[in-house]
$ cat upload.cif   # mmCIF, C-alpha atoms
data_my_file
#
loop_
_atom_site.group_PDB
_atom_site.id
_atom_site.type_symbol
_atom_site.label_atom_id
_atom_site.label_comp_id
_atom_site.auth_asym_id
_atom_site.auth_seq_id
_atom_site.Cartn_x
_atom_site.Cartn_y
_atom_site.Cartn_z
ATOM 1 C CA LEU I 24 0.000 0.000 0.000
ATOM 2 C CA HIS I 25 1.167 3.488 -0.835
ATOM 3 C CA THR I 26 0.666 6.426 1.402
ATOM 4 C CA PRO I 27 0.056 9.590 -0.653
ATOM 5 C CA LEU I 28 2.679 12.296 -0.187
ATOM 6 C CA PRO I 29 1.533 15.670 1.119
ATOM 7 C CA PRO I 30 1.650 18.579 -1.341
ATOM 8 C CA LEU I 31 5.058 20.297 -1.540
ATOM 9 C CA SER I 32 3.569 23.605 -0.421
ATOM 10 C CA SER I 33 2.467 22.065 2.901
ATOM 11 C CA LEU I 34 6.092 21.109 3.554
ATOM 12 C CA GLY I 35 7.221 24.703 3.019
ATOM 13 C CA LEU I 36 8.785 23.836 -0.337
ATOM 14 C CA SER I 37 8.155 25.535 -3.604
ATOM 15 C CA PHE I 38 9.596 25.391 -7.056
ATOM 16 C CA ALA I 39 9.494 27.468 -10.183
ATOM 17 C CA LEU I 40 10.100 26.506 -13.738
ATOM 18 C CA SER I 41 13.185 28.057 -15.268
ATOM 19 C CA PRO I 42 12.459 30.515 -18.034
ATOM 20 C CA PRO I 43 13.206 29.134 -21.479
ATOM 21 C CA ARG I 44 16.807 29.686 -22.511
ATOM 22 C CA ALA I 45 17.463 32.084 -25.334
ATOM 23 C CA PRO I 46 18.657 30.358 -28.476
ATOM 24 C CA ALA I 47 22.406 30.371 -29.022
ATOM 25 C CA MET I 48 23.648 33.300 -31.025
ATOM 26 C CA PRO I 49 23.492 32.685 -34.779
ATOM 27 C CA LEU I 50 27.116 32.415 -35.897
ATOM 28 C CA ILE I 51 28.105 32.475 -39.545
ATOM 29 C CA GLY I 52 31.627 31.582 -40.552
ATOM 30 C CA LEU I 53 33.422 32.855 -43.624
ATOM 31 C CA PHE I 54 35.431 30.013 -45.157
ATOM 32 C CA MET I 55 37.902 30.335 -48.037
ATOM 33 C CA LYS I 56 40.363 28.425 -50.150
ATOM 34 C CA ALA I 57 42.880 29.580 -52.728
ATOM 35 C CA THR I 58 45.816 28.375 -54.764
ATOM 36 C CA MET I 59 48.987 29.965 -53.416
ATOM 37 C CA GLU I 60 52.373 30.147 -55.144
ATOM 38 C CA ASN I 61 55.318 30.733 -52.780
ATOM 39 C CA ILE I 62 52.947 32.131 -50.152
ATOM 40 C CA GLU I 63 53.183 31.087 -46.498
ATOM 41 C CA LYS I 64 50.019 32.796 -45.265
ATOM 42 C CA ILE I 65 47.360 35.432 -45.781
ATOM 43 C CA GLU I 66 46.491 37.402 -42.648
ATOM 44 C CA PHE I 67 43.280 39.263 -41.924
ATOM 45 C CA PRO I 68 44.182 41.875 -39.271
ATOM 46 C CA GLU I 69 41.663 43.086 -36.685
ATOM 47 C CA THR I 70 41.428 46.338 -38.667
ATOM 48 C CA THR I 71 40.212 44.499 -41.794
ATOM 49 C CA ASP I 72 37.211 46.005 -43.543
ATOM 50 C CA TRP I 73 34.882 43.074 -44.289
ATOM 51 C CA THR I 74 32.726 44.086 -47.274
ATOM 52 C CA PHE I 75 29.577 42.066 -47.993
ATOM 53 C CA ASP I 76 26.242 41.932 -49.685
ATOM 54 C CA VAL I 77 23.673 41.109 -46.994
ATOM 55 C CA LEU I 78 20.202 39.600 -47.208
ATOM 56 C CA SER I 79 17.436 40.568 -44.777
ATOM 57 C CA GLY I 80 16.079 37.942 -42.395
ATOM 58 C CA ASN I 81 12.855 37.709 -44.421
ATOM 59 C CA GLY I 82 14.894 36.894 -47.538
ATOM 60 C CA VAL I 83 13.566 39.838 -49.564
ATOM 61 C CA ASP I 84 15.832 42.882 -49.256
ATOM 62 C CA VAL I 85 19.510 43.000 -50.227
ATOM 63 C CA ARG I 86 22.029 45.645 -49.221
ATOM 64 C CA GLU I 87 25.119 45.667 -51.373
ATOM 65 C CA ARG I 88 28.708 46.333 -50.315
ATOM 66 C CA VAL I 89 28.182 47.055 -46.623
ATOM 67 C CA THR I 90 31.398 47.339 -44.627
ATOM 68 C CA VAL I 91 31.884 45.790 -41.194
ATOM 69 C CA ASN I 92 34.963 46.549 -39.095
ATOM 70 C CA ALA I 93 35.712 45.230 -35.596
ATOM 71 C CA GLN I 94 36.967 48.699 -34.627
ATOM 72 C CA ASP I 95 33.513 50.230 -35.226
ATOM 73 C CA GLU I 96 31.055 49.944 -32.360
ATOM 74 C CA VAL I 97 27.545 51.334 -32.764
ATOM 75 C CA GLU I 98 24.560 51.229 -30.437
ATOM 76 C CA VAL I 99 21.694 49.007 -31.491
ATOM 77 C CA PRO I 100 18.514 51.180 -31.581
ATOM 78 C CA ASN I 101 16.059 50.515 -28.700
ATOM 79 C CA SER I 102 18.588 48.278 -26.965
ATOM 80 C CA LYS I 103 21.542 48.437 -24.604
ATOM 81 C CA ALA I 104 23.549 46.235 -26.982
ATOM 82 C CA THR I 105 26.235 47.298 -29.431
ATOM 83 C CA ALA I 106 27.293 45.833 -32.776
ATOM 84 C CA ASN I 107 29.903 46.450 -35.449
ATOM 85 C CA PHE I 108 27.200 47.174 -38.053
ATOM 86 C CA THR I 109 23.464 47.878 -37.904
ATOM 87 C CA CYS I 110 20.790 48.649 -40.469
ATOM 88 C CA LYS I 111 17.035 48.577 -40.630
ATOM 89 C CA PHE I 112 15.206 46.832 -43.429
ATOM 90 C CA GLU I 113 11.819 48.063 -44.647
ATOM 91 C CA GLY I 114 8.961 46.461 -42.716
ATOM 92 C CA SER I 115 11.244 45.210 -39.950
ATOM 93 C CA LYS I 116 10.491 46.107 -36.330
ATOM 94 C CA GLN I 117 14.089 45.835 -35.133
ATOM 95 C CA ALA I 118 17.483 46.796 -36.467
ATOM 96 C CA ALA I 119 19.503 43.979 -38.005
ATOM 97 C CA THR I 120 23.087 43.600 -36.759
ATOM 98 C CA ILE I 121 26.432 42.018 -37.561
ATOM 99 C CA SER I 122 29.310 41.755 -35.113
ATOM 100 C CA ILE I 123 32.719 40.237 -35.707
ATOM 101 C CA VAL I 124 33.350 37.462 -33.193
ATOM 102 C CA THR I 125 36.773 36.785 -31.782
ATOM 103 C CA MET I 126 37.365 33.313 -30.438
ATOM 104 C CA SER I 127 37.598 33.384 -26.665
ATOM 105 C CA ARG I 128 36.555 31.353 -23.670
ATOM 106 C CA LYS I 129 33.122 32.995 -23.824
ATOM 107 C CA VAL I 130 32.458 31.778 -27.370
ATOM 108 C CA GLU I 131 31.758 28.086 -27.638
ATOM 109 C CA CYS I 132 31.875 26.895 -31.194
ATOM 110 C CA ARG I 133 32.227 23.132 -31.690
ATOM 111 C CA ASP I 134 32.592 23.398 -35.445
ATOM 112 C CA LEU I 135 35.683 25.600 -35.157
ATOM 113 C CA LYS I 136 37.391 23.912 -32.220
ATOM 114 C CA GLY I 137 41.150 23.955 -32.751
ATOM 115 C CA GLN I 138 40.861 26.302 -35.761
ATOM 116 C CA THR I 139 42.708 29.620 -36.017
ATOM 117 C CA LEU I 140 40.749 32.562 -37.351
ATOM 118 C CA GLY I 141 42.289 35.566 -39.083
ATOM 119 C CA VAL I 142 44.889 33.525 -41.023
ATOM 120 C CA TYR I 143 44.748 31.369 -44.147
ATOM 121 C CA SER I 144 47.727 29.094 -44.745
ATOM 122 C CA GLY I 145 46.447 26.761 -47.443
ATOM 123 C CA GLY I 146 45.763 23.882 -45.052
ATOM 124 C CA ALA I 147 44.439 20.593 -46.378
ATOM 125 C CA ARG I 148 44.451 20.667 -50.159
ATOM 126 C CA GLY I 149 41.108 21.616 -51.567
ATOM 127 C CA GLN I 150 39.495 22.240 -48.168
ATOM 128 C CA LEU I 151 37.754 25.434 -47.182
ATOM 129 C CA GLU I 152 39.268 26.981 -44.025
ATOM 130 C CA PRO I 153 37.516 29.385 -41.643
ATOM 131 C CA ILE I 154 38.955 32.897 -41.651
ATOM 132 C CA ALA I 155 36.307 34.906 -39.761
ATOM 133 C CA LEU I 156 33.210 34.467 -37.610
ATOM 134 C CA PHE I 157 30.182 36.772 -37.440
ATOM 135 C CA ASP I 158 27.214 37.087 -35.085
ATOM 136 C CA CYS I 159 24.356 37.885 -37.496
ATOM 137 C CA ARG I 160 20.895 38.908 -36.333
ATOM 138 C CA GLY I 161 18.150 39.832 -38.777
ATOM 139 C CA MET I 162 20.433 39.536 -41.811
ATOM 140 C CA GLU I 163 23.085 37.286 -43.260
ATOM 141 C CA PRO I 164 26.027 37.892 -45.585
ATOM 142 C CA THR I 165 25.663 36.388 -49.066
ATOM 143 C CA ARG I 166 28.708 37.662 -50.955
ATOM 144 C CA TRP I 167 32.184 38.693 -49.832
ATOM 145 C CA TYR I 168 34.267 41.357 -51.558
ATOM 146 C CA PRO I 169 37.905 40.628 -50.542
ATOM 147 C CA VAL I 170 39.084 44.260 -50.620
ATOM 148 C CA GLY I 171 41.059 44.068 -47.362
ATOM 149 C CA PRO I 172 43.472 45.403 -46.491
ATOM 150 C CA PHE I 173 45.125 42.008 -46.011
ATOM 151 C CA ARG I 174 48.725 41.018 -45.276
ATOM 152 C CA VAL I 175 50.447 38.374 -47.436
ATOM 153 C CA THR I 176 53.720 36.726 -46.391
ATOM 154 C CA ALA I 177 55.968 34.835 -48.814
ATOM 155 C CA VAL I 178 57.475 31.441 -47.902
ATOM 156 C CA ASP I 179 60.875 30.867 -46.285
ATOM 157 C CA GLY I 180 61.051 34.222 -44.527
ATOM 158 C CA GLY I 181 60.244 36.094 -47.719
ATOM 159 C CA LYS I 182 58.769 39.524 -48.180
ATOM 160 C CA CYS I 183 55.611 40.654 -46.374
ATOM 161 C CA PHE I 184 53.135 42.493 -48.605
ATOM 162 C CA GLU I 185 50.866 44.958 -46.762
ATOM 163 C CA ASP I 186 47.483 46.403 -47.773
ATOM 164 C CA VAL I 187 46.720 43.661 -50.315
ATOM 165 C CA ASP I 188 43.382 43.704 -52.156
ATOM 166 C CA LEU I 189 42.503 40.109 -53.109
ATOM 167 C CA ARG I 190 39.772 40.865 -55.664
ATOM 168 C CA GLU I 191 42.285 40.027 -58.409
ATOM 169 C CA ALA I 192 42.706 36.548 -56.866
ATOM 170 C CA GLN I 193 39.113 35.773 -57.884
ATOM 171 C CA GLY I 194 39.912 36.412 -61.544
ATOM 172 C CA ASP I 195 43.308 36.219 -63.221
ATOM 173 C CA GLY I 196 45.134 36.131 -59.890
ATOM 174 C CA TRP I 197 47.111 38.420 -57.595
ATOM 175 C CA CYS I 198 50.816 38.421 -58.536
ATOM 176 C CA GLU I 199 53.867 40.148 -57.097
ATOM 177 C CA TYR I 200 57.601 39.635 -56.947
ATOM 178 C CA ASP I 201 59.451 38.810 -53.732
ATOM 179 C CA ASP I 202 62.769 40.601 -54.250
ATOM 180 C CA LYS I 203 63.952 39.424 -50.831
ATOM 181 C CA LYS I 204 63.947 35.752 -51.937
ATOM 182 C CA ASP I 205 64.085 36.394 -55.702
ATOM 183 C CA GLN I 206 60.838 34.550 -56.475
ATOM 184 C CA PRO I 207 57.408 35.238 -57.967
ATOM 185 C CA VAL I 208 54.456 35.005 -55.587
ATOM 186 C CA GLY I 209 50.783 34.699 -56.342
ATOM 187 C CA ILE I 210 47.273 33.872 -55.184
ATOM 188 C CA SER I 211 44.598 32.589 -57.554
ATOM 189 C CA GLU I 212 41.378 30.580 -57.684
ATOM 190 C CA LEU I 213 40.052 32.290 -54.555
ATOM 191 C CA GLU I 214 36.737 30.789 -53.455
ATOM 192 C CA PHE I 215 34.630 31.504 -50.389
ATOM 193 C CA GLU I 216 31.527 30.216 -48.667
ATOM 194 C CA PHE I 217 29.424 31.315 -45.714
ATOM 195 C CA LYS I 218 28.351 28.533 -43.339
ATOM 196 C CA VAL I 219 26.270 28.489 -40.158
ATOM 197 C CA VAL I 220 28.494 27.142 -37.395
ATOM 198 C CA LYS I 221 27.619 25.721 -33.988
#

$ encode --input "upload.cif" --output "structure tokens"
Amino acid sequence: LHTPLPPLSSLGLSFALSPPRAPAMPLIGLFMKATMENIEKIEFPETTDWTFDVLSGNGVDVRERVTVNAQDEVEVPNSKATANFTCKFEGSKQAATISIVTMSRKVECRDLKGQTLGVYSGGARGQLEPIALFDCRGMEPTRWYPVGPFRVTAVDGGKCFEDVDLREAQGDGWCEYDDKKDQPVGISELEFEFKVVK
């Protein structure tokens, strides 16, 4: 035989349901690959201007060639939050935002565990590598314009090229001459892809 338990309230106990947790922030990674000739690495400094076309959250409106820079911090309208870029799309109640995410202990991202952002070194042949991570709310990037400025370093302690614009690497290729090591250097077949990361 079972004796019924008294109600929790009669024992002086109470409980409350936890409020639902907010969904994890929507992170979108920018991944790239390129063919590199006598190049050790391409660096994307914190001062990089990331230039994109962005699509509104409802999938209707496009803004072309918006620039996002980690050094810019703007207040999000009707909020205490800040972002690196904000805009308002027609018919939207809230401002859409993009912020550049730096990997830290606060950011948990399984998909990028062990990856280094801000540098492309060629990695596994034919594989896309992550170069940047963005917190996107109310919009998402759809096209990247690799205008930079980026830093390119030649192999074997060769010359470092500053303020490189990689748009040429999408077409015929970016080419220079490393007079320090007496060798041609180049980047071609640049491809990129945006992916949602967790």

$ atom_distance --input "upload.cif" --atom1 "CA of Ile210 in chain I" --atom2 "CA of Glu191 in chain I"
8.6 Å

$ atom_distance --input "upload.cif" --atom1 "CA of Gln117 in chain I" --atom2 "CA of Gly52 in chain I"
23.2 Å

$ resolve_selection --input "upload.cif" --expression "the PyMOL selection byres ((chain I and resi 168) around 9)" --output "mmCIF file with C-alpha atoms, in the coordinates of the input"
data_model
loop_
_atom_site.group_PDB
_atom_site.id
_atom_site.type_symbol
_atom_site.label_atom_id
_atom_site.label_comp_id
_atom_site.auth_asym_id
_atom_site.auth_seq_id
_atom_site.Cartn_x
_atom_site.Cartn_y
_atom_site.Cartn_z
ATOM 1 C CA TRP I 73 34.882 43.074 -44.289
ATOM 2 C CA THR I 74 32.726 44.086 -47.274
ATOM 3 C CA PHE I 75 29.577 42.066 -47.993
ATOM 4 C CA ASP I 76 26.242 41.932 -49.685
ATOM 5 C CA ARG I 88 28.708 46.333 -50.315
ATOM 6 C CA ARG I 166 28.708 37.662 -50.955
ATOM 7 C CA TRP I 167 32.184 38.693 -49.832
ATOM 8 C CA PRO I 169 37.905 40.628 -50.542
ATOM 9 C CA VAL I 170 39.084 44.260 -50.620
ATOM 10 C CA GLY I 171 41.059 44.068 -47.362
ATOM 11 C CA LEU I 189 42.503 40.109 -53.109
ATOM 12 C CA ARG I 190 39.772 40.865 -55.664
#

$ atom_distance --input "upload.cif" --atom1 "CA of Ser122 in chain I" --atom2 "CA of Thr58 in chain I"
28.9 Å

$ closest_residue --input "upload.cif" --among "I:Val219, I:Glu66, I:Val89, I:Asn61" --to "Thr139 in chain I" --atoms "all atoms listed in the file"
I:Glu66

$ residues_around --input "upload.cif" --residues "Thr165 in chain I" --least-positions-apart "2" --cutoff "10 Å" --atoms "only C-alpha atoms" --output "list in words"
Phe75, Asp76, Val77, Leu78, Val85, Arg86, Glu87, Met162, Glu163, Trp167, Glu216 and Phe217 of chain I

$ axis_aligned_box --input "upload.cif" --around "range 199-218 of chain I" --padding-each-side "3 Å" --output "JSON"
{"center_x": 46.2, "center_y": 34.6, "center_z": -50.7, "size_x": 41.7, "size_y": 18.1, "size_z": 20.6}

$ closest_residue --input "upload.cif" --among "I:Pro68, I:Gly137, I:Gly80, I:Pro164" --to "Val187 in chain I" --atoms "only C-alpha atoms"
I:Pro68

$ resolve_selection --input "upload.cif" --expression "the PyMOL selection byres ((chain I and resi 101-113) around 10)" --output "PyMOL selection string"
chain I and resi 78-81+83-86+89-100+114-124+157-162

$ write_last_selection --input "upload.cif" --atoms "C-alpha atoms" --output "mmCIF file, in the coordinates of the input"
data_model
loop_
_atom_site.group_PDB
_atom_site.id
_atom_site.type_symbol
_atom_site.label_atom_id
_atom_site.label_comp_id
_atom_site.auth_asym_id
_atom_site.auth_seq_id
_atom_site.Cartn_x
_atom_site.Cartn_y
_atom_site.Cartn_z
ATOM 1 C CA LEU I 78 20.202 39.600 -47.208
ATOM 2 C CA SER I 79 17.436 40.568 -44.777
ATOM 3 C CA GLY I 80 16.079 37.942 -42.395
ATOM 4 C CA ASN I 81 12.855 37.709 -44.421
ATOM 5 C CA VAL I 83 13.566 39.838 -49.564
ATOM 6 C CA ASP I 84 15.832 42.882 -49.256
ATOM 7 C CA VAL I 85 19.510 43.000 -50.227
ATOM 8 C CA ARG I 86 22.029 45.645 -49.221
ATOM 9 C CA VAL I 89 28.182 47.055 -46.623
ATOM 10 C CA THR I 90 31.398 47.339 -44.627
ATOM 11 C CA VAL I 91 31.884 45.790 -41.194
ATOM 12 C CA ASN I 92 34.963 46.549 -39.095
ATOM 13 C CA ALA I 93 35.712 45.230 -35.596
ATOM 14 C CA GLN I 94 36.967 48.699 -34.627
ATOM 15 C CA ASP I 95 33.513 50.230 -35.226
ATOM 16 C CA GLU I 96 31.055 49.944 -32.360
ATOM 17 C CA VAL I 97 27.545 51.334 -32.764
ATOM 18 C CA GLU I 98 24.560 51.229 -30.437
ATOM 19 C CA VAL I 99 21.694 49.007 -31.491
ATOM 20 C CA PRO I 100 18.514 51.180 -31.581
ATOM 21 C CA GLY I 114 8.961 46.461 -42.716
ATOM 22 C CA SER I 115 11.244 45.210 -39.950
ATOM 23 C CA LYS I 116 10.491 46.107 -36.330
ATOM 24 C CA GLN I 117 14.089 45.835 -35.133
ATOM 25 C CA ALA I 118 17.483 46.796 -36.467
ATOM 26 C CA ALA I 119 19.503 43.979 -38.005
ATOM 27 C CA THR I 120 23.087 43.600 -36.759
ATOM 28 C CA ILE I 121 26.432 42.018 -37.561
ATOM 29 C CA SER I 122 29.310 41.755 -35.113
ATOM 30 C CA ILE I 123 32.719 40.237 -35.707
ATOM 31 C CA VAL I 124 33.350 37.462 -33.193
ATOM 32 C CA PHE I 157 30.182 36.772 -37.440
ATOM 33 C CA ASP I 158 27.214 37.087 -35.085
ATOM 34 C CA CYS I 159 24.356 37.885 -37.496
ATOM 35 C CA ARG I 160 20.895 38.908 -36.333
ATOM 36 C CA GLY I 161 18.150 39.832 -38.777
ATOM 37 C CA MET I 162 20.433 39.536 -41.811
#

$ resolve_selection --input "upload.cif" --expression "the PyMOL selection byres ((chain I and resi 175) around 9)" --output "MDAnalysis selection string"
chainID I and resid 62:66 173:174 176:177 182:187

$ write_last_selection --input "upload.cif" --atoms "C-alpha atoms" --output "tab-separated table (two decimals), keeping the file's coordinate frame"
chain	number	residue	atom	x	y	z
I	62	ILE	CA	52.95	32.13	-50.15
I	63	GLU	CA	53.18	31.09	-46.50
I	64	LYS	CA	50.02	32.80	-45.26
I	65	ILE	CA	47.36	35.43	-45.78
I	66	GLU	CA	46.49	37.40	-42.65
I	173	PHE	CA	45.12	42.01	-46.01
I	174	ARG	CA	48.72	41.02	-45.28
I	176	THR	CA	53.72	36.73	-46.39
I	177	ALA	CA	55.97	34.84	-48.81
I	182	LYS	CA	58.77	39.52	-48.18
I	183	CYS	CA	55.61	40.65	-46.37
I	184	PHE	CA	53.14	42.49	-48.60
I	185	GLU	CA	50.87	44.96	-46.76
I	186	ASP	CA	47.48	46.40	-47.77
I	187	VAL	CA	46.72	43.66	-50.32

$ closest_residue --input "upload.cif" --among "I:Gly149, I:Lys136, I:Leu156, I:Val178" --to "Glu212 in chain I" --atoms "all atoms listed in the file"
I:Gly149

$ residues_around --input "upload.cif" --residues "Ala57 in chain I" --least-positions-apart "4" --cutoff "9 Å" --atoms "only C-alpha atoms" --output "MDAnalysis selection string"
chainID I and resid 143 145 149 151 192:193 210:215

$ residues_around --input "upload.cif" --residues "Val208 in chain I" --least-positions-apart "5" --cutoff "6 Å" --atoms "only C-alpha atoms" --output "list in words"
Glu60, Asn61, Cys198, Glu199 and Tyr200 of chain I

$ write_last_selection --input "upload.cif" --atoms "C-alpha atoms" --output "compact mmCIF listing (two decimals), in the frame of the given file"
# COMPACT_ATOMS: atom_id res chain seq x y z
CA GLU I 60 52.37 30.15 -55.14
CA ASN I 61 55.32 30.73 -52.78
CA CYS I 198 50.82 38.42 -58.54
CA GLU I 199 53.87 40.15 -57.10
CA TYR I 200 57.60 39.64 -56.95

$ closest_residue --input "upload.cif" --among "I:Asp134, I:Asp188, I:Asp179, I:Glu69" --to "Lys218 in chain I" --atoms "only C-alpha atoms"
I:Asp134

$ decode --input "upload.cif" --residues "range 164-173 of chain I" --atoms "all heavy atoms" --output "compact mmCIF listing (two decimals), in the first residue's frame"
# COMPACT_ATOMS: atom_id res chain seq x y z
N PRO I 164 25.21 37.55 -44.42
CA PRO I 164 26.03 37.89 -45.58
C PRO I 164 25.85 36.85 -46.68
O PRO I 164 25.70 35.66 -46.40
CB PRO I 164 27.46 37.89 -45.04
CG PRO I 164 27.40 37.04 -43.81
CD PRO I 164 26.00 37.12 -43.29
N THR I 165 25.84 37.31 -47.94
CA THR I 165 25.66 36.39 -49.07
C THR I 165 26.83 36.43 -50.04
O THR I 165 27.03 35.48 -50.80
CB THR I 165 24.37 36.72 -49.84
OG1 THR I 165 24.45 38.08 -50.29
CG2 THR I 165 23.15 36.51 -48.98
N ARG I 166 27.56 37.53 -50.05
CA ARG I 166 28.71 37.66 -50.95
C ARG I 166 29.80 38.45 -50.24
O ARG I 166 29.51 39.44 -49.56
CB ARG I 166 28.30 38.39 -52.22
CG ARG I 166 29.45 38.55 -53.19
CD ARG I 166 29.04 39.21 -54.48
NE ARG I 166 30.21 39.33 -55.35
CZ ARG I 166 30.19 39.92 -56.50
NH1 ARG I 166 29.07 40.45 -56.96
NH2 ARG I 166 31.28 40.01 -57.22
N TRP I 167 31.04 38.02 -50.44
CA TRP I 167 32.18 38.69 -49.83
C TRP I 167 33.01 39.37 -50.92
O TRP I 167 33.28 38.77 -51.96
CB TRP I 167 33.04 37.67 -49.09
CG TRP I 167 34.34 38.18 -48.53
CD1 TRP I 167 34.54 39.36 -47.87
CD2 TRP I 167 35.61 37.53 -48.57
NE1 TRP I 167 35.85 39.46 -47.49
CE2 TRP I 167 36.54 38.35 -47.92
CE3 TRP I 167 36.05 36.32 -49.11
CZ2 TRP I 167 37.87 38.01 -47.76
CZ3 TRP I 167 37.38 35.98 -48.95
CH2 TRP I 167 38.28 36.82 -48.29
N TYR I 168 33.37 40.62 -50.68
CA TYR I 168 34.27 41.36 -51.56
C TYR I 168 35.62 41.44 -50.84
O TYR I 168 35.75 42.19 -49.87
CB TYR I 168 33.74 42.77 -51.83
CG TYR I 168 32.41 42.78 -52.55
CD1 TYR I 168 31.22 42.78 -51.83
CD2 TYR I 168 32.35 42.80 -53.93
CE1 TYR I 168 29.99 42.79 -52.49
CE2 TYR I 168 31.13 42.82 -54.59
CZ TYR I 168 29.96 42.81 -53.86
OH TYR I 168 28.75 42.83 -54.52
N PRO I 169 36.63 40.69 -51.27
CA PRO I 169 37.91 40.63 -50.54
C PRO I 169 38.81 41.84 -50.81
O PRO I 169 39.89 41.73 -51.38
CB PRO I 169 38.53 39.33 -51.06
CG PRO I 169 38.00 39.18 -52.44
CD PRO I 169 36.61 39.76 -52.41
N VAL I 170 38.35 43.03 -50.36
CA VAL I 170 39.08 44.26 -50.62
C VAL I 170 40.15 44.54 -49.56
O VAL I 170 41.05 45.32 -49.79
CB VAL I 170 38.14 45.47 -50.75
CG1 VAL I 170 37.25 45.32 -51.96
CG2 VAL I 170 37.31 45.67 -49.50
N GLY I 171 40.02 43.94 -48.39
CA GLY I 171 41.06 44.07 -47.36
C GLY I 171 40.98 45.34 -46.55
O GLY I 171 39.90 45.88 -46.35
N PRO I 172 42.11 45.79 -46.12
CA PRO I 172 43.47 45.40 -46.49
C PRO I 172 43.91 44.11 -45.80
O PRO I 172 43.62 43.90 -44.63
CB PRO I 172 44.32 46.58 -46.01
CG PRO I 172 43.58 47.12 -44.84
CD PRO I 172 42.12 46.89 -45.14
N PHE I 173 44.61 43.26 -46.54
CA PHE I 173 45.12 42.01 -46.01
C PHE I 173 46.65 42.04 -46.06
O PHE I 173 47.25 42.84 -46.77
CB PHE I 173 44.61 40.82 -46.84
CG PHE I 173 43.12 40.82 -47.03
CD1 PHE I 173 42.57 40.89 -48.29
CD2 PHE I 173 42.26 40.77 -45.94
CE1 PHE I 173 41.18 40.89 -48.48
CE2 PHE I 173 40.89 40.77 -46.11
CZ PHE I 173 40.35 40.84 -47.38
